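Have a look at coords-v4.txt; it's compact mmCIF, C-alpha atoms and all ligand atoms:
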```
# COMPACT_ATOMS: atom_id res chain seq x y z
CA MET W 26 78.56 -33.04 -6.42
CA LYS W 27 77.71 -36.76 -6.53
CA SER W 28 75.86 -38.91 -4.07
CA ASN W 29 79.08 -40.31 -2.66
CA SER W 30 79.97 -36.90 -1.27
CA ILE W 31 77.76 -37.56 1.76
CA PRO W 32 80.39 -38.84 4.20
CA LEU W 33 80.15 -42.29 5.76
CA LEU W 34 81.12 -42.51 9.44
CA ASP W 35 81.18 -45.48 11.78
CA ILE W 36 80.12 -45.26 15.43
CA ALA W 37 82.69 -47.99 16.19
CA LEU W 38 85.38 -45.33 15.70
CA TYR W 39 83.78 -43.22 18.44
CA HIS W 40 84.51 -46.06 20.85
CA SER W 41 87.95 -47.04 19.52
CA ASN W 42 89.51 -43.70 18.53
CA ARG W 43 87.36 -40.80 19.68
CA SER W 44 89.51 -37.96 18.38
CA ALA W 45 89.58 -39.48 14.87
CA PHE W 46 85.77 -39.86 14.96
CA VAL W 47 85.33 -36.29 16.18
CA GLU W 48 87.44 -34.92 13.34
CA GLU W 49 85.41 -36.87 10.74
CA LEU W 50 82.22 -35.59 12.33
CA ARG W 51 83.51 -32.00 12.39
CA LYS W 52 84.22 -32.10 8.66
CA ALA W 53 80.89 -33.71 7.82
CA CYS W 54 78.80 -31.30 9.90
CA HIS W 55 80.74 -28.21 8.87
CA ASN W 56 80.89 -28.92 5.14
CA VAL W 57 77.72 -30.90 4.37
CA GLY W 58 75.45 -31.03 7.44
CA PHE W 59 74.53 -34.61 6.47
CA PHE W 60 76.34 -37.92 6.97
CA LEU W 61 75.67 -41.64 7.04
CA LEU W 62 76.49 -43.47 10.25
CA LYS W 63 77.12 -47.21 10.56
CA HIS W 64 75.36 -47.89 13.82
CA ASN W 65 76.11 -51.37 15.20
CA MET W 66 72.67 -51.58 16.88
CA THR W 67 71.81 -54.63 18.97
CA PRO W 68 69.97 -56.82 18.32
CA ASN W 69 71.02 -56.20 14.76
CA GLN W 70 67.60 -57.21 13.41
CA LEU W 71 65.95 -54.34 15.29
CA PRO W 72 66.11 -51.73 12.48
CA LYS W 73 64.50 -54.15 10.01
CA GLU W 74 61.90 -55.20 12.57
CA VAL W 75 60.82 -51.68 13.38
CA LEU W 76 60.55 -50.81 9.68
CA ASP W 77 58.40 -53.94 9.21
CA GLU W 78 56.14 -52.79 12.03
CA GLY W 79 55.66 -49.51 10.20
CA ARG W 80 54.99 -51.25 6.89
CA GLN W 81 52.42 -53.57 8.48
CA PHE W 82 50.66 -50.66 10.14
CA PHE W 83 50.29 -48.68 6.92
CA GLN W 84 48.79 -51.73 5.16
CA ARG W 85 45.94 -51.90 7.68
CA PRO W 86 42.41 -50.73 6.88
CA MET W 87 41.82 -47.02 7.29
CA ASP W 88 39.29 -47.46 10.10
CA GLU W 89 41.99 -49.19 12.20
CA LYS W 90 44.60 -46.58 11.39
CA LYS W 91 42.16 -43.83 12.33
CA MET W 92 41.76 -45.37 15.78
CA ILE W 93 45.01 -43.60 16.66
CA SER W 94 44.24 -40.39 14.78
CA TYR W 95 46.49 -37.36 15.17
CA GLU W 96 43.40 -35.13 15.10
CA GLN W 97 42.30 -36.45 18.50
CA ASN W 98 45.59 -35.72 20.24
CA PRO W 99 46.32 -32.29 21.75
CA ALA W 100 50.04 -33.14 21.90
CA PHE W 101 50.32 -33.73 18.12
CA ARG W 102 50.77 -37.50 18.24
CA GLY W 103 49.24 -40.33 16.24
CA TYR W 104 48.30 -41.25 12.68
CA MET W 105 48.01 -38.75 9.84
CA PRO W 106 46.61 -39.86 6.46
CA LEU W 107 47.92 -38.84 3.04
CA GLY W 108 47.34 -35.33 1.84
CA VAL W 109 47.08 -33.34 5.07
CA GLU W 110 50.57 -31.86 5.14
CA ASN W 111 52.19 -29.34 2.89
CA THR W 112 55.57 -27.68 2.69
CA ALA W 113 55.66 -24.06 1.53
CA GLY W 114 52.16 -24.37 0.08
CA GLN W 115 52.86 -27.57 -1.94
CA LEU W 116 51.08 -30.77 -0.98
CA ASP W 117 53.29 -33.49 0.52
CA HIS W 118 52.56 -37.14 -0.28
CA ARG W 119 53.09 -39.23 2.79
CA GLU W 120 51.14 -40.85 5.58
CA GLN W 121 52.72 -41.07 8.99
CA ILE W 122 52.51 -41.84 12.68
CA GLU W 123 54.20 -39.54 15.15
CA TYR W 124 55.20 -40.31 18.74
CA ALA W 125 57.29 -38.46 21.30
CA VAL W 126 58.61 -38.69 24.84
CA GLU W 127 55.97 -39.70 27.35
CA TYR W 128 56.27 -37.65 30.49
CA PRO W 129 55.55 -39.49 33.75
CA LEU W 130 52.86 -37.05 34.84
CA HIS W 131 50.86 -37.71 31.75
CA ALA W 132 49.96 -41.34 32.07
CA PRO W 133 46.27 -41.89 31.24
CA GLU W 134 45.29 -42.30 34.89
CA SER W 135 46.40 -38.76 35.72
CA SER W 136 43.48 -37.19 33.95
CA ALA W 137 43.30 -34.43 36.53
CA THR W 138 46.83 -33.49 35.56
CA ASN W 139 45.91 -33.64 31.89
CA ASN W 140 43.16 -31.19 32.57
CA PHE W 141 45.71 -28.90 34.15
CA TYR W 142 48.01 -29.20 31.17
CA THR W 143 45.39 -28.28 28.59
CA LYS W 144 45.40 -24.86 30.24
CA ALA W 145 49.10 -24.82 31.02
CA TRP W 146 51.37 -21.86 30.57
CA PRO W 147 53.91 -21.54 29.00
CA ALA W 148 51.91 -23.31 26.33
CA TYR W 149 54.63 -25.83 25.47
CA HIS W 150 53.73 -27.80 28.61
CA ARG W 151 50.71 -28.93 26.61
CA LEU W 152 53.06 -31.03 24.48
CA LYS W 153 53.29 -33.30 27.51
CA SER W 154 49.55 -33.51 27.92
CA ALA W 155 48.64 -36.70 26.06
CA PRO W 156 50.12 -40.18 26.03
CA ASN W 157 51.23 -41.75 22.77
CA PRO W 158 48.25 -43.36 21.01
CA TRP W 159 49.69 -46.83 20.38
CA PRO W 160 47.70 -49.36 18.32
CA THR W 161 47.59 -51.65 21.34
CA SER W 162 44.39 -53.46 20.40
CA PHE W 163 45.50 -54.58 16.95
CA GLN W 164 49.32 -54.24 16.72
CA PRO W 165 50.89 -54.22 20.20
CA SER W 166 54.36 -55.08 18.88
CA LEU W 167 54.58 -51.67 17.23
CA GLN W 168 54.98 -50.04 20.63
CA THR W 169 57.60 -52.42 21.99
CA LYS W 170 59.73 -52.42 18.84
CA THR W 171 59.48 -48.66 18.44
CA MET W 172 60.47 -47.98 22.04
CA ASP W 173 63.43 -50.42 21.81
CA TYR W 174 64.52 -48.69 18.65
CA VAL W 175 64.14 -45.19 20.14
CA GLN W 176 66.28 -46.16 23.12
CA ASN W 177 69.04 -47.39 20.80
CA VAL W 178 68.95 -44.34 18.58
CA CYS W 179 68.93 -41.92 21.50
CA GLN W 180 72.14 -43.56 22.76
CA VAL W 181 73.72 -42.95 19.36
CA ALA W 182 72.43 -39.36 19.41
CA ASP W 183 73.97 -38.80 22.86
CA CYS W 184 77.39 -39.85 21.45
CA LEU W 185 76.98 -37.51 18.49
CA ARG W 186 75.95 -34.62 20.74
CA ASP W 187 79.06 -35.10 22.92
CA SER W 188 81.22 -35.38 19.80
CA LEU W 189 79.82 -32.14 18.38
CA CYS W 190 81.00 -30.37 21.54
CA LEU W 191 84.43 -31.97 21.24
CA ALA W 192 84.57 -30.97 17.57
CA MET W 193 84.25 -27.36 18.71
CA GLY W 194 86.86 -27.79 21.44
CA LEU W 195 84.16 -27.69 24.15
CA ASP W 196 83.48 -29.88 27.16
CA PRO W 197 80.53 -32.21 26.36
CA LYS W 198 78.88 -30.92 29.55
CA VAL W 199 78.12 -27.71 27.69
CA LEU W 200 75.31 -29.53 25.89
CA GLN W 201 74.66 -32.39 28.32
CA HIS W 202 72.99 -30.09 30.82
CA LYS W 203 70.56 -28.91 28.15
CA PHE W 204 69.56 -32.46 27.24
CA ASN W 205 69.56 -34.40 30.44
CA SER W 206 69.20 -33.39 34.03
CA SER W 207 70.72 -36.59 35.44
CA SER W 208 74.05 -35.95 33.72
CA LEU W 209 74.91 -33.10 36.09
CA SER W 210 73.44 -34.09 39.40
CA ASP W 211 75.57 -31.76 41.51
CA GLU W 212 75.68 -28.72 39.29
CA ILE W 213 73.33 -25.83 38.94
CA SER W 214 72.42 -25.68 35.29
CA ASN W 215 69.33 -24.59 33.46
CA ASP W 216 65.67 -25.47 33.78
CA CYS W 217 66.25 -29.04 32.70
CA TYR W 218 68.02 -29.64 35.92
CA ARG W 219 65.15 -28.30 37.97
CA GLU W 220 62.44 -30.16 36.12
CA GLY W 221 64.27 -33.47 35.81
CA GLU W 222 63.66 -33.74 32.09
CA VAL W 223 65.10 -35.89 29.35
CA PRO W 224 65.91 -35.15 25.69
CA HIS W 225 62.62 -34.38 23.98
CA TRP W 226 62.78 -36.90 21.13
CA ALA W 227 60.02 -37.38 18.59
CA ILE W 228 59.82 -40.16 16.03
CA LYS W 229 57.85 -40.42 12.81
CA MET W 230 57.08 -43.59 10.91
CA ILE W 231 56.48 -42.43 7.36
CA SER W 232 55.15 -44.18 4.27
CA TYR W 233 55.69 -42.52 0.91
CA PRO W 234 53.31 -43.95 -1.73
CA THR W 235 54.48 -45.60 -4.91
CA ASN W 236 54.89 -43.29 -7.85
CA ASP W 237 52.64 -45.10 -10.31
CA HIS W 238 49.73 -42.66 -10.28
CA SER W 239 50.80 -40.91 -13.49
CA SER W 240 50.76 -44.11 -15.58
CA LYS W 241 46.98 -44.29 -15.23
CA ASN W 242 46.56 -41.11 -17.24
CA GLU W 243 49.27 -41.71 -19.81
CA SER W 244 48.87 -42.99 -23.35
CA SER W 245 50.77 -46.17 -24.19
CA ASN W 246 53.42 -44.11 -26.00
CA ASP W 247 54.13 -42.20 -22.83
CA ARG W 248 54.48 -45.23 -20.61
CA SER W 249 58.16 -45.73 -21.41
CA ARG W 250 58.93 -42.32 -19.95
CA SER W 251 59.72 -41.94 -16.26
CA PRO W 252 56.82 -40.56 -14.28
CA SER W 253 57.28 -37.01 -13.04
CA PRO W 254 58.56 -37.03 -9.47
CA ILE W 255 56.04 -36.61 -6.69
CA GLN W 256 56.83 -34.53 -3.65
CA GLY W 257 57.08 -36.83 -0.65
CA VAL W 258 58.05 -33.86 1.46
CA GLY W 259 59.11 -30.47 0.13
CA ALA W 260 62.46 -28.79 0.75
CA HIS W 261 62.97 -27.80 4.38
CA THR W 262 65.49 -27.63 7.17
CA ASP W 263 64.72 -29.49 10.39
CA THR W 264 63.88 -27.28 13.36
CA ASN W 265 65.31 -29.61 16.01
CA PHE W 266 68.94 -30.29 17.03
CA LEU W 267 69.83 -33.56 15.30
CA THR W 268 67.85 -35.97 13.10
CA LEU W 269 68.65 -39.66 12.57
CA VAL W 270 66.73 -41.39 9.77
CA LEU W 271 66.37 -45.10 9.09
CA GLN W 272 65.09 -45.99 5.62
CA ASP W 273 64.15 -49.28 4.10
CA ASN W 274 65.63 -49.96 0.75
CA GLU W 275 64.03 -53.00 -0.70
CA GLU W 276 63.81 -51.30 -4.04
CA GLY W 277 63.82 -47.88 -5.66
CA ASP W 278 66.19 -44.98 -5.42
CA GLY W 279 65.35 -43.89 -1.91
CA GLY W 280 64.19 -40.44 -2.83
CA LEU W 281 65.86 -38.40 -0.07
CA GLN W 282 67.86 -35.53 -1.53
CA VAL W 283 70.16 -33.00 0.10
CA PHE W 284 70.89 -29.47 -1.10
CA SER W 285 74.62 -29.06 -0.71
CA GLN W 286 76.95 -26.58 -2.38
CA GLY W 287 74.31 -25.49 -4.85
CA GLU W 288 73.15 -28.94 -5.99
CA TRP W 289 70.52 -31.51 -5.07
CA ILE W 290 72.31 -34.78 -4.36
CA ASN W 291 70.77 -38.20 -3.76
CA VAL W 292 71.35 -39.84 -0.41
CA PRO W 293 72.76 -43.27 -1.25
CA THR W 294 70.63 -46.28 -0.40
CA HIS W 295 72.96 -49.24 -0.84
CA HIS W 296 73.99 -49.38 2.84
CA GLY W 297 70.42 -50.37 3.65
CA THR W 298 69.47 -50.54 7.31
CA ASN W 299 73.11 -50.73 8.48
CA VAL W 300 73.31 -46.96 8.49
CA LEU W 301 71.39 -44.05 9.94
CA ILE W 302 71.15 -40.95 7.78
CA CYS W 303 72.04 -38.10 10.12
CA ASN W 304 71.56 -34.38 9.70
CA LEU W 305 71.75 -31.31 11.84
CA GLY W 306 68.79 -29.09 12.52
CA GLU W 307 68.41 -25.36 13.05
CA GLN W 308 69.18 -25.59 16.76
CA ALA W 309 72.62 -27.08 16.08
CA GLU W 310 73.34 -24.51 13.40
CA THR W 311 72.27 -21.64 15.63
CA TRP W 312 74.10 -22.96 18.69
CA SER W 313 77.34 -23.32 16.69
CA ARG W 314 76.95 -19.85 15.14
CA GLY W 315 76.71 -21.41 11.69
CA TYR W 316 79.84 -23.54 12.04
CA PHE W 317 77.65 -26.62 11.60
CA LEU W 318 75.01 -26.60 8.87
CA ALA W 319 71.28 -27.29 8.94
CA THR W 320 71.08 -28.43 5.34
CA PRO W 321 67.88 -28.27 3.27
CA HIS W 322 66.54 -31.62 2.13
CA ARG W 323 63.44 -33.09 0.50
CA VAL W 324 61.98 -36.43 -0.56
CA LEU W 325 61.07 -36.86 -4.22
CA MET W 326 59.67 -40.17 -5.38
CA LYS W 327 61.09 -40.54 -8.86
CA SER W 328 61.04 -44.16 -9.87
CA ARG W 329 58.17 -46.62 -10.16
CA THR W 330 58.31 -48.99 -7.26
CA ARG W 331 55.94 -51.72 -6.17
CA LYS W 332 56.17 -50.87 -2.50
CA PRO W 333 55.88 -47.59 -0.62
CA ARG W 334 59.12 -46.26 0.87
CA ILE W 335 59.15 -46.44 4.67
CA SER W 336 61.39 -44.10 6.66
CA LEU W 337 61.79 -43.41 10.37
CA PRO W 338 63.25 -40.04 11.31
CA LEU W 339 64.03 -39.58 14.99
CA PHE W 340 64.18 -35.91 15.95
CA TYR W 341 66.50 -35.38 18.89
CA ASN W 342 65.95 -32.24 20.94
CA PRO W 343 67.14 -30.76 24.22
CA CYS W 344 64.73 -30.75 27.17
CA LEU W 345 61.64 -28.69 26.45
CA SER W 346 62.56 -26.33 29.28
CA ALA W 347 66.07 -25.66 27.92
CA THR W 348 67.14 -22.69 25.84
CA MET W 349 69.28 -22.83 22.71
CA GLU W 350 71.09 -19.72 21.69
CA PRO W 351 74.33 -18.98 19.82
CA LEU W 352 77.51 -19.77 21.72
CA GLU W 353 79.75 -16.89 22.70
CA GLU W 354 81.71 -15.63 19.72
CA SER W 355 84.94 -16.49 21.52
CA SER W 356 83.93 -20.18 21.48
CA VAL W 357 83.98 -20.33 17.70
CA GLU W 358 86.54 -17.81 16.47
CA HIS W 359 89.48 -20.24 16.78
CA LEU W 360 87.78 -22.95 14.67
CA GLN W 361 89.18 -23.99 11.31
CA TRP W 362 86.77 -22.78 8.58
CA ASP W 363 86.91 -25.13 5.58
CA ARG W 364 83.85 -24.43 3.49
CA PRO W 365 83.35 -21.47 1.17
CA ILE W 366 82.20 -18.30 2.84
CA ILE W 367 78.50 -17.76 2.24
CA VAL W 368 76.96 -14.43 2.98
CA HIS W 369 73.21 -14.87 3.34
CA SER W 370 72.36 -11.22 3.47
CA THR W 371 73.74 -7.75 3.10
CA ASP W 372 73.09 -7.31 6.79
CA GLU W 373 76.50 -7.97 8.28
CA ASN W 374 74.95 -9.52 11.37
CA ASN W 375 73.69 -12.32 9.16
CA ALA W 376 77.00 -13.01 7.45
CA ILE W 377 78.53 -16.45 7.83
CA GLY W 378 82.24 -16.33 7.21
CA ASN W 379 85.70 -16.83 8.62
CA ALA W 380 84.91 -14.55 11.49
CA PRO W 381 81.35 -15.30 12.62
CA LYS W 382 79.69 -12.08 13.57
CA LYS W 383 78.82 -11.26 17.09
CA HIS W 384 75.06 -11.37 16.64
CA TRP W 385 75.03 -14.38 14.35
CA ARG W 386 71.61 -15.74 13.45
CA ARG W 387 70.15 -18.01 10.80
CA PRO W 388 68.93 -16.28 7.65
CA ASN W 389 65.15 -15.76 7.74
CA ASN W 390 65.07 -17.52 11.03
CA THR W 391 62.21 -17.38 13.45
CA MET W 392 63.78 -19.92 15.78
CA LEU W 393 62.74 -19.18 19.34
CA THR W 394 65.37 -19.63 22.04
CA SER W 395 63.03 -21.61 24.29
CA VAL W 396 63.19 -25.20 23.02
CA GLY W 397 59.66 -25.87 24.25
CA GLU W 398 58.18 -22.82 22.56
CA ASN W 399 60.09 -23.48 19.36
CA THR W 400 58.90 -27.10 19.28
CA PHE W 401 55.27 -26.13 19.91
CA LYS W 402 55.45 -23.41 17.25
CA SER W 403 56.79 -25.83 14.62
CA LEU W 404 54.06 -28.39 15.34
CA ALA W 405 51.31 -25.78 15.42
CA ARG W 406 52.42 -24.30 12.10
CA SER W 407 52.61 -27.70 10.39
CA HIS W 408 49.20 -28.76 11.73
CA PRO W 409 47.06 -25.64 12.12
CA HIS W 410 43.80 -27.60 12.31
CA VAL W 411 45.02 -29.68 15.28
CA PHE W 412 46.30 -26.52 16.94
CA ALA W 413 42.95 -24.75 16.41
CA LYS W 414 40.89 -27.74 17.57
CA HIS W 415 42.75 -28.46 20.82
CA HIS W 416 44.13 -25.05 21.73
CA PRO W 417 41.39 -22.58 20.76
CA ASP W 418 42.58 -20.13 23.41
CA LEU W 419 45.96 -19.67 21.67
CA SER W 420 47.23 -18.03 18.49
CA ILE W 421 50.62 -17.78 16.76
CA LEU W 422 52.15 -14.40 15.96
CA PRO W 423 54.07 -13.96 12.67
CA ASP W 424 57.39 -14.25 14.56
CA GLY W 425 56.35 -17.68 15.86
CA LYS W 426 55.49 -16.64 19.41
CA ILE W 427 52.44 -18.39 20.82
CA VAL W 428 50.18 -16.08 22.79
CA LYS W 429 46.85 -16.24 24.60
CA LYS W 430 44.02 -14.78 22.52
O1 LIG S 501 61.74 -39.50 5.02
C1 LIG S 501 62.88 -39.05 4.99
O2 LIG S 501 63.82 -39.67 4.49
C2 LIG S 501 63.17 -37.68 5.56
C3 LIG S 501 61.97 -37.02 6.17
C4 LIG S 501 62.25 -35.63 6.67
O3 LIG S 501 63.14 -34.96 6.21
C5 LIG S 501 61.42 -35.05 7.74
O4 LIG S 501 60.36 -35.61 8.07
O5 LIG S 501 61.83 -34.01 8.32
FE FE S 502 63.62 -33.29 7.51
```
For the file at hand, write its structure as structure tokens.
Ligand SMILES: O=C(O)CCC(=O)C(=O)O
Ligand SMILES: [Fe+2]
Amino acid sequence: MKSNSIPLLDIALYHSNRSAFVEELRKACHNVGFFLLKHNMTPNQLPKEVLDEGRQFFQRPMDEKKMISYEQNPAFRGYMPLGVENTAGQLDHREQIEYAVEYPLHAPESSATNNFYTKAWPAYHRLKSAPNPWPTSFQPSLQTKTMDYVQNVCQVADCLRDSLCLAMGLDPKVLQHKFNSSSLSDEISNDCYREGEVPHWAIKMISYPTNDHSSKNESSNDRSRSPSPIQGVGAHTDTNFLTLVLQDNEEGDGGLQVFSQGEWINVPTHHGTNVLICNLGEQAETWSRGYFLATPHRVLMKSRTRKPRISLPLFYNPCLSATMEPLEESSVEHLQWDRPIIVHSTDENNAIGNAPKKHWRRPNNTMLTSVGENTFKSLARSHPHVFAKHHPDLSILPDGKIVKK
């Protein structure tokens, strides 16, 4: 499979011919789980500007960057230097800043409330406990540009979420009530409705270093050879519902690769900042009983470039208080099944095929049905030292459940 097999969609079609857009989206999400989306964002300089903000931040001295350190933040937000993350035991090479939804109760002045939330139960309420650590004193524009960008991308994500329902022959309300309480003001729905929550988005600004480290140790004869790739981030599936990535492409081959139909394929870069790279996460796969795919992907820095690669994934999630579980079997059995049947296990309950099984679940999955618990578990597992430092009263069981010690 070649790089051009990642489909290219255009959000303009969603507005001009929704059923045609929905059918393109259905094919992309069912067969590949990844697609590129022309986004039409306004102002159209915004994607470039927000990437520039990220680039400027990463060029700052370490003592400034550490002023917004992730380590200090009980809600897993802020700056993380190179070399603190790994995927499946292999070191990742990236530095990043992470932000997420700020909940009204958690403004800095409500420190009494913060105190309450550090002891909160269920534990996922602690994800609301700290405001985003913005670099206000030395780069205030990072906050304004990032928040403008997030607002734009969340609007795109809302359209995709509705379209995913339509692609399964469902009313968009089926998902709307899990993502946004205001969408269903007169209906009894789930906890989102009661708590008045919004989609729990999180955004990362990531810088992958240049791949010139190996040349320092090579003899002159070796210098003509390509350096061995470095792992920006190891192969994984995203644990959220939908991810939308903006990448800068001033040079280099991008580095993002997708594992589809048995092969690693390069995500094309030539569309630049006019497209968002979109992929489905484990929640979407589980919800659709495997009809849509959460496709493994990784970032490998292969070529020598002069500048680090900057990327901005936005992770779009339902409300923290929502639950995500497989749809009823009857909601999916009528769907057209295009891709080859893959059986992940000899256990027939794990089979993915023409007739999704009643108790469908992801292979090797420890996804928890509570969105809040699942989100907290993923963060705690990726950053055990932050979890241990700020939540010493908690521990994670092997199945991902977070319990009091
Ligand atoms: O940087 C990218 O292009 C993708 C990053 C990614 O897959 C992730 O952070 O989950
Ligand atoms: Fe990812």
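In this comparison, which uses only C-alpha atoms and all ligand atoms, the residue of W:His322, W:Arg80, W:His225, W:Lys414 approaching ligand LIG 501 (chain S) most closely is W:His322.
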Legend entry - Exercise: Leu167 of chain W partners within 9 Å, all atoms listed in the file, chain neighbours under 5 positions left out, as a ChimeraX atom specification: /W:75,78-79,82,159-161,172
Please find the residues contacting ligand LIG 501 (chain S) at a distance of at most 7 Å between atoms, with only C-alpha atoms and all ligand atoms counted, and report them as a compact mmCIF listing (two decimals) with C-alpha atoms, in the coordinates of the input.
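See pocket.txt below for the written result:
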```txt
# COMPACT_ATOMS: atom_id res chain seq x y z
CA ILE W 231 56.48 -42.43 7.36
CA VAL W 258 58.05 -33.86 1.46
CA ASP W 263 64.72 -29.49 10.39
CA VAL W 270 66.73 -41.39 9.77
CA GLN W 272 65.09 -45.99 5.62
CA LEU W 281 65.86 -38.40 -0.07
CA HIS W 322 66.54 -31.62 2.13
CA ARG W 323 63.44 -33.09 0.50
CA VAL W 324 61.98 -36.43 -0.56
CA SER W 336 61.39 -44.10 6.66
CA LEU W 337 61.79 -43.41 10.37
CA PRO W 338 63.25 -40.04 11.31
```
Within 12 Å of ligand FE 502 (chain S), which residues of chain W show up? Give each one with its shortest atom-to-atom distance in Å (one decimal) and the two atoms involved, counting only C-alpha atoms and all ligand atoms, rows by chain then rising residue number, as a Markdown table.
```
| residue | atom | partner | partner_atom | distance |
| --- | --- | --- | --- | --- |
| W:Phe59 | CA | S:FE502 | FE | 11.0 |
| W:Thr112 | CA | S:FE502 | FE | 10.9 |
| W:Ile228 | CA | S:FE502 | FE | 11.6 |
| W:Lys229 | CA | S:FE502 | FE | 10.6 |
| W:Ile231 | CA | S:FE502 | FE | 11.6 |
| W:Gly257 | CA | S:FE502 | FE | 11.0 |
| W:Val258 | CA | S:FE502 | FE | 8.2 |
| W:Gly259 | CA | S:FE502 | FE | 9.1 |
| W:Ala260 | CA | S:FE502 | FE | 8.2 |
| W:His261 | CA | S:FE502 | FE | 6.4 |
| W:Thr262 | CA | S:FE502 | FE | 6.0 |
| W:Asp263 | CA | S:FE502 | FE | 4.9 |
| W:Thr264 | CA | S:FE502 | FE | 8.4 |
| W:Asn265 | CA | S:FE502 | FE | 9.4 |
| W:Phe266 | CA | S:FE502 | FE | 11.3 |
| W:Leu267 | CA | S:FE502 | FE | 10.0 |
| W:Thr268 | CA | S:FE502 | FE | 7.5 |
| W:Leu269 | CA | S:FE502 | FE | 9.6 |
| W:Val270 | CA | S:FE502 | FE | 9.0 |
| W:Leu281 | CA | S:FE502 | FE | 9.4 |
| W:Gln282 | CA | S:FE502 | FE | 10.2 |
| W:Val283 | CA | S:FE502 | FE | 9.9 |
| W:Phe284 | CA | S:FE502 | FE | 11.9 |
| W:Ile302 | CA | S:FE502 | FE | 10.7 |
| W:Cys303 | CA | S:FE502 | FE | 10.0 |
| W:Asn304 | CA | S:FE502 | FE | 8.3 |
| W:Leu305 | CA | S:FE502 | FE | 9.4 |
| W:Gly306 | CA | S:FE502 | FE | 8.3 |
| W:Glu307 | CA | S:FE502 | FE | 10.8 |
| W:Ala319 | CA | S:FE502 | FE | 9.8 |
| W:Thr320 | CA | S:FE502 | FE | 9.2 |
| W:Pro321 | CA | S:FE502 | FE | 7.8 |
| W:His322 | CA | S:FE502 | FE | 6.3 |
| W:Arg323 | CA | S:FE502 | FE | 7.0 |
| W:Val324 | CA | S:FE502 | FE | 8.8 |
| W:Ser336 | CA | S:FE502 | FE | 11.1 |
| W:Leu337 | CA | S:FE502 | FE | 10.7 |
| W:Pro338 | CA | S:FE502 | FE | 7.8 |
| W:Leu339 | CA | S:FE502 | FE | 9.8 |
| W:Phe340 | CA | S:FE502 | FE | 8.9 |
| W:Tyr341 | CA | S:FE502 | FE | 11.9 |
```
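Among the candidates W:His202, W:Arg102, W:Lys153, W:Lys170, the one nearest to Pro68 of chain W when counting all atoms listed in the file is W:Lys170.
The nearest approach to Pro106 of chain W among the residues W:Pro234, W:Pro147, W:Pro158, W:Pro129, with all atoms listed in the file taken into account, belongs to W:Pro234.
Of the residues listed (W:Ser232, W:Thr169, W:Thr394, W:Ser30), W:Ser232 shows the shortest atom-to-atom separation from Ile335 of chain W; distances use only C-alpha atoms.
Here the question is which of W:Thr400, W:Ser407, W:Thr235, W:Thr348 gets nearest to Arg151 of chain W using all atoms listed in the file, and that residue is W:Thr400.
Distance annotation: of W:Leu62, W:Val223, W:Cys190, W:Met349, the residue with the minimal separation from His296 of chain W is W:Leu62; atom set is only C-alpha atoms.
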Legend entry - atom CA of Arg186 of chain W to atom CA of Pro224 of chain W, distance in Å rounded to a single decimal: 11.2 Å
Inset, instruction - Please provide as JSON, numbers by chain all residues within 7 Å of Ser94 of chain W, with the sequence filter that same-chain residues fewer than 2 positions apart are discarded (counting all atoms listed in the file). - result: {"W": [91, 92, 96, 97, 103, 104, 105]}
Which centre and edge lengths in Å to one decimal define the box along x, y and z that fits every listed atom of segment 156-160 of chain W plus 6 Å per side, as JSON?
```
{"center_x": 49.5, "center_y": -44.8, "center_z": 22.2, "size_x": 15.5, "size_y": 21.2, "size_z": 19.7}
```
Inset, instruction - May I ask for the distance between atom CA of Gln84 of chain W and atom CA of Ala405 of chain W, given in Å to one decimal place? - result: 28.0 Å
Tell me which residues come within 9 Å of (74.8, -23.3, 10.3), as a CSV table (one decimal) with C-alpha atoms, in the frame of the given file, counting all atoms listed in the file in the file's coordinates.
```csv
chain,number,residue,atom,x,y,z
W,54,CYS,CA,78.8,-31.3,9.9
W,55,HIS,CA,80.7,-28.2,8.9
W,58,GLY,CA,75.4,-31.0,7.4
W,305,LEU,CA,71.8,-31.3,11.8
W,306,GLY,CA,68.8,-29.1,12.5
W,307,GLU,CA,68.4,-25.4,13.0
W,308,GLN,CA,69.2,-25.6,16.8
W,309,ALA,CA,72.6,-27.1,16.1
W,310,GLU,CA,73.3,-24.5,13.4
W,311,THR,CA,72.3,-21.6,15.6
W,312,TRP,CA,74.1,-23.0,18.7
W,313,SER,CA,77.3,-23.3,16.7
W,314,ARG,CA,77.0,-19.8,15.1
W,315,GLY,CA,76.7,-21.4,11.7
W,316,TYR,CA,79.8,-23.5,12.0
W,317,PHE,CA,77.6,-26.6,11.6
W,318,LEU,CA,75.0,-26.6,8.9
W,319,ALA,CA,71.3,-27.3,8.9
W,320,THR,CA,71.1,-28.4,5.3
W,377,ILE,CA,78.5,-16.4,7.8
W,386,ARG,CA,71.6,-15.7,13.4
W,387,ARG,CA,70.2,-18.0,10.8
```
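Here atom CA of His410 of chain W and atom CA of Gln168 of chain W stand 26.4 Å from one another.
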